[in-house]
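Listing of target-v4.cif, mmCIF, C-alpha atoms
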```cif
data_model
loop_
_atom_site.group_PDB
_atom_site.id
_atom_site.type_symbol
_atom_site.label_atom_id
_atom_site.label_comp_id
_atom_site.auth_asym_id
_atom_site.auth_seq_id
_atom_site.Cartn_x
_atom_site.Cartn_y
_atom_site.Cartn_z
ATOM 1 C CA ALA A 99 181.368 18.942 123.726
ATOM 2 C CA MET A 100 183.763 18.626 120.797
ATOM 3 C CA ALA A 101 186.593 20.158 122.820
ATOM 4 C CA ALA A 102 186.035 17.641 125.618
ATOM 5 C CA LEU A 103 185.841 14.798 123.099
ATOM 6 C CA SER A 104 189.042 16.018 121.439
ATOM 7 C CA ALA A 105 190.786 16.172 124.815
ATOM 8 C CA THR A 106 189.709 12.599 125.501
ATOM 9 C CA ILE A 107 191.048 11.459 122.133
ATOM 10 C CA GLY A 108 194.278 13.318 122.895
ATOM 11 C CA LEU A 109 194.579 11.473 126.206
ATOM 12 C CA LEU A 110 193.914 8.134 124.510
ATOM 13 C CA ALA A 111 196.386 8.661 121.680
ATOM 14 C CA ARG A 112 200.008 7.736 122.124
ATOM 15 C CA THR A 113 201.332 10.412 119.742
ATOM 16 C CA ALA A 114 200.289 13.830 118.495
ATOM 17 C CA ASP A 115 199.918 12.413 114.977
ATOM 18 C CA ALA A 116 197.474 9.801 116.214
ATOM 19 C CA ALA A 117 195.450 12.459 118.018
ATOM 20 C CA SER A 118 195.335 14.662 114.928
ATOM 21 C CA GLY A 119 193.882 11.751 112.965
ATOM 22 C CA PHE A 120 190.670 12.337 114.867
ATOM 23 C CA THR A 121 190.198 15.617 113.005
ATOM 24 C CA PHE A 122 189.653 13.679 109.774
ATOM 25 C CA PHE A 123 186.599 12.028 111.289
ATOM 26 C CA VAL A 124 185.212 15.331 112.558
ATOM 27 C CA LEU A 125 185.836 17.084 109.237
ATOM 28 C CA PHE A 126 184.100 14.267 107.344
ATOM 29 C CA LEU A 127 180.814 14.427 109.304
ATOM 30 C CA PRO A 128 179.228 17.434 107.540
ATOM 31 C CA TYR A 129 179.568 15.896 104.080
ATOM 32 C CA PRO A 130 176.969 13.128 104.467
ATOM 33 C CA SER A 131 174.540 15.506 106.187
ATOM 34 C CA SER A 132 172.095 18.175 105.122
ATOM 35 C CA ALA A 133 174.833 20.834 105.162
ATOM 36 C CA PHE A 134 175.285 21.021 101.405
ATOM 37 C CA VAL A 135 172.287 19.294 99.836
ATOM 38 C CA PRO A 136 168.915 18.098 101.159
ATOM 39 C CA VAL A 137 168.992 14.537 102.460
ATOM 40 C CA GLU A 138 166.171 13.616 100.053
ATOM 41 C CA THR A 139 168.486 14.248 97.067
ATOM 42 C CA MET A 140 171.150 11.848 98.347
ATOM 43 C CA PRO A 141 171.302 8.199 97.289
ATOM 44 C CA SER A 142 168.784 6.086 99.182
ATOM 45 C CA TRP A 143 171.466 4.009 100.901
ATOM 46 C CA MET A 144 172.840 7.183 102.505
ATOM 47 C CA HIS A 145 169.541 8.511 103.925
ATOM 48 C CA GLY A 146 169.711 6.577 107.199
ATOM 49 C CA PHE A 147 173.172 7.777 108.104
ATOM 50 C CA ALA A 148 172.613 11.342 106.885
ATOM 51 C CA GLU A 149 169.406 11.749 108.893
ATOM 52 C CA ASN A 150 170.721 10.170 112.109
ATOM 53 C CA GLN A 151 174.177 11.616 112.572
ATOM 54 C CA PRO A 152 175.132 14.499 114.881
ATOM 55 C CA ALA A 153 175.867 17.124 112.221
ATOM 56 C CA THR A 154 172.413 17.069 110.594
ATOM 57 C CA PRO A 155 170.294 18.303 113.550
ATOM 58 C CA ILE A 156 172.920 20.902 114.440
ATOM 59 C CA ILE A 157 172.966 22.229 110.878
ATOM 60 C CA GLU A 158 169.174 22.107 110.567
ATOM 61 C CA SER A 159 168.801 24.036 113.831
ATOM 62 C CA ILE A 160 171.276 26.745 112.882
ATOM 63 C CA ARG A 161 169.782 27.063 109.397
ATOM 64 C CA GLY A 162 166.258 27.315 110.775
ATOM 65 C CA PHE A 163 167.162 29.917 113.400
ATOM 66 C CA LEU A 164 169.133 32.070 110.949
ATOM 67 C CA LEU A 165 166.459 31.950 108.246
ATOM 68 C CA ASP A 166 163.590 32.337 110.733
ATOM 69 C CA GLN A 167 162.047 29.020 109.683
ATOM 70 C CA PRO A 168 160.430 26.321 111.818
ATOM 71 C CA VAL A 169 163.036 24.041 113.368
ATOM 72 C CA GLY A 170 160.833 21.296 114.809
ATOM 73 C CA ASN A 171 162.671 19.135 117.302
ATOM 74 C CA SER A 172 166.107 19.524 115.656
ATOM 75 C CA PRO A 173 167.500 21.761 118.435
ATOM 76 C CA TRP A 174 166.591 19.185 121.085
ATOM 77 C CA ILE A 175 168.182 16.384 119.062
ATOM 78 C CA ALA A 176 171.290 18.533 118.539
ATOM 79 C CA LEU A 177 171.491 19.264 122.263
ATOM 80 C CA ALA A 178 171.069 15.562 123.037
ATOM 81 C CA TRP A 179 173.972 14.669 120.716
ATOM 82 C CA CYS A 180 176.163 17.366 122.286
ATOM 83 C CA ALA A 181 175.209 16.354 125.825
ATOM 84 C CA GLY A 182 175.910 12.707 125.008
ATOM 85 C CA PHE A 183 179.338 13.530 123.597
ATOM 86 C CA LEU A 184 180.102 15.707 126.601
ATOM 87 C CA LEU A 185 178.974 13.082 129.099
ATOM 88 C CA ILE A 186 181.025 10.338 127.450
ATOM 89 C CA ALA A 187 184.086 12.559 127.115
ATOM 90 C CA LEU A 188 183.990 13.755 130.720
ATOM 91 C CA THR A 189 183.398 10.239 132.028
ATOM 92 C CA VAL A 190 186.356 8.832 130.108
ATOM 93 C CA SER A 191 188.770 11.769 130.301
ATOM 94 C CA GLY A 192 188.728 12.140 134.093
ATOM 95 C CA PRO A 193 190.288 8.757 134.860
ATOM 96 C CA LEU A 194 192.595 9.025 131.832
ATOM 97 C CA PHE A 195 193.909 12.399 132.979
ATOM 98 C CA ARG A 196 194.505 11.141 136.519
ATOM 99 C CA LYS A 197 196.315 8.086 135.150
ATOM 100 C CA ARG A 198 198.493 10.155 132.815
ATOM 101 C CA THR A 199 199.455 12.722 135.473
ATOM 102 C CA GLN A 200 200.433 10.308 138.254
#
```
As structure tokens, please, write out the structure in this file.
Amino acid sequence: AMAALSATIGLLARTADAASGFTFFVLFLPYPSSAFVPVETMPSWMHGFAENQPATPIIESIRGFLLDQPVGNSPWIALAWCAGFLLIALTVSGPLFRKRTQ
């Protein structure tokens, strides 16, 4: 899903530098998530974003599977985020690719 989204961003960007700017956004996502600290220990104004962004359910799922802990519905939420990204990227990148290659 991230590869398809990156390809779409690459098709939208006019230069390679503009396309590489997308990596900053992707690299920033794990920081306000549960990757490093529990969401409950974050400032209250950050809870909403940290709990409802794509990195948190992915991280919670992987952590739960690796530590043999209950994962709840995190894997389904993670799959929904990935499927949504993939669907958007494929829908947008098809026409962009055809336009760029004509």
On this structure, the PyMOL selection byres ((chain A and resi 153) around 7) would catch which residues? List them as a list in words, sorted by chain and number.
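So the PyMOL selection byres ((chain A and resi 153) around 7), applied here, picks out Leu127, Pro128, Ser131, Gln151, Pro152, Thr154, Pro155, Ile156 and Ile157 of chain A.
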Under the PyMOL selection byres ((chain A and resi 173) around 7), which residues of this model are included? Write them out as a ChimeraX atom specification.
/A:155-156,159,171-172,174-177
In Å, how far is it from atom CA of A:Leu188 to atom CA of A:Ala111?
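Between atom CA of A:Leu188 and atom CA of A:Ala111 the gap is 16.2 Å.
Taking atom CA of A:Met100 and atom CA of A:Leu184 as endpoints, the distance between them is 7.5 Å.
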Provide the atom CA of A:Val135 to atom CA of A:Glu158 distance in Å, to one decimal place.
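Atom-to-atom, atom CA of A:Val135 to atom CA of A:Glu158, that is 11.5 Å.
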Determine the residue set returned by the PyMOL selection byres ((chain A and resi 148) around 8) for the present structure, and present it as a PyMOL selection string.
chain A and resi 130-132+137+144-147+149-151+154
Keeping C-alpha atoms for every residue in the selection just given, could you write it to a file as a tab-separated table (two decimals), keeping the file's coordinate frame?
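Wrote it out as part.tsv, contents follow:
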```
chain	number	residue	atom	x	y	z
A	130	PRO	CA	176.97	13.13	104.47
A	131	SER	CA	174.54	15.51	106.19
A	132	SER	CA	172.10	18.18	105.12
A	137	VAL	CA	168.99	14.54	102.46
A	144	MET	CA	172.84	7.18	102.50
A	145	HIS	CA	169.54	8.51	103.92
A	146	GLY	CA	169.71	6.58	107.20
A	147	PHE	CA	173.17	7.78	108.10
A	149	GLU	CA	169.41	11.75	108.89
A	150	ASN	CA	170.72	10.17	112.11
A	151	GLN	CA	174.18	11.62	112.57
A	154	THR	CA	172.41	17.07	110.59
```
Which residues, written as a VMD selection string, have at least one atom at most 10 Å from A:Ser118, with all atoms listed in the file counted and residues fewer than 4 positions away on the same chain left out?
chain A and resid 104 107 to 108 111 113 to 114 122 to 123
